[in-house]
Amino acid sequence: MIKLSTLRSAPLALAYWLGAAGSNEGTTARILLFHGTPRRDAGAFERQMRWLKRRFQIVPLRSLIAAAANGDGGLARKIALTFDDGLRSNVAVAYPILHKLAIPATFFICPGLVDRASWLWNHEARRRLARLDVQAR
């Protein structure tokens, strides 16, 4: 049986496995991709950002790209953060935390979704599945 303490250590275990934690941090930069930032997870997100800021130099995505293109080296311990899908929670939850901690990030939005006021297909599917009557089986 899996214990709650095991589940709490899963993010750190994943970070070790990905090479983002531990003493063998290598010589490559990393790009961390985020999607939604639920309000209920704001505290955990802020703690993660504080941890990253202590361990790595968080830089804008464009500076990682420029350094890699110019062969400047010095990419070790650098991380860029991106927020994909243009979700409202990225602006409402993540951005204020990043601003408070002076952490740069790149936000990608989907103009077509904004123009049409629609959802990503997987969010729409999740919403429709949630409305299904369980008794209909």
# chains A, B, ... in the order shown; residues from 1 in each chain; ligands from 1
$ residues_around --residues "A:Ala102" --least-positions-apart "6" --cutoff "10 Å" --atoms "only C-alpha atoms" --output "compact mmCIF listing (two decimals) with N, CA and C atoms, in the first residue's frame"
# COMPACT_ATOMS: atom_id res chain seq x y z
N LYS A 53 14.58 29.06 -7.44
CA LYS A 53 15.37 30.29 -7.41
C LYS A 53 16.64 30.14 -6.57
N ILE A 58 17.26 31.38 -12.88
CA ILE A 58 16.08 31.36 -13.74
C ILE A 58 16.20 32.53 -14.71
N PRO A 96 1.26 36.61 -10.44
CA PRO A 96 1.54 37.38 -9.22
C PRO A 96 2.67 36.80 -8.37
$ residues_around --residues "A:Leu87" --least-positions-apart "6" --cutoff "9 Å" --atoms "only C-alpha atoms" --output "ChimeraX atom specification"
/A:35-37,109-110
$ atom_distance --atom1 "atom CA of A:Asp85" --atom2 "atom CA of A:Phe34"
9.0 Å
$ atom_distance --atom1 "atom CA of A:Met49" --atom2 "atom CA of A:Leu75"
19.2 Å
$ atom_distance --atom1 "atom CA of A:Gln48" --atom2 "atom CA of A:Arg88"
20.0 Å
$ closest_residue --among "A:Thr28, A:Phe108, A:Trp51, A:Arg131" --to "A:Gly71" --atoms "only C-alpha atoms"
A:Thr28
$ residues_around --residues "A:Pro104" --least-positions-apart "5" --cutoff "8 Å" --atoms "only C-alpha atoms" --output "list in words"
Ile58, Val59, Pro60, Ala80, Leu81, Leu98 and His99 of chain A
$ closest_residue --among "A:Ala42, A:Ala92, A:Ala29, A:Ala125" --to "A:Ser63" --atoms "only C-alpha atoms"
A:Ala29
$ select_by_dssp --residues "stretch 39-131 of chain A" --states "alpha helix (DSSP H)" --output "PyMOL selection string"
chain A and resi 42-55+61-70+88-89+95-101+111-116+121-131
$ closest_residue --among "A:Leu132, A:Ile97, A:Ala76, A:Ala105" --to "A:Arg55" --atoms "only C-alpha atoms"
A:Ala76
$ select_by_dssp --residues "stretch 35-135 of chain A" --states "strand (DSSP E)" --output "VMD selection string"
chain A and resid 57 to 58 78 to 83 106 to 107
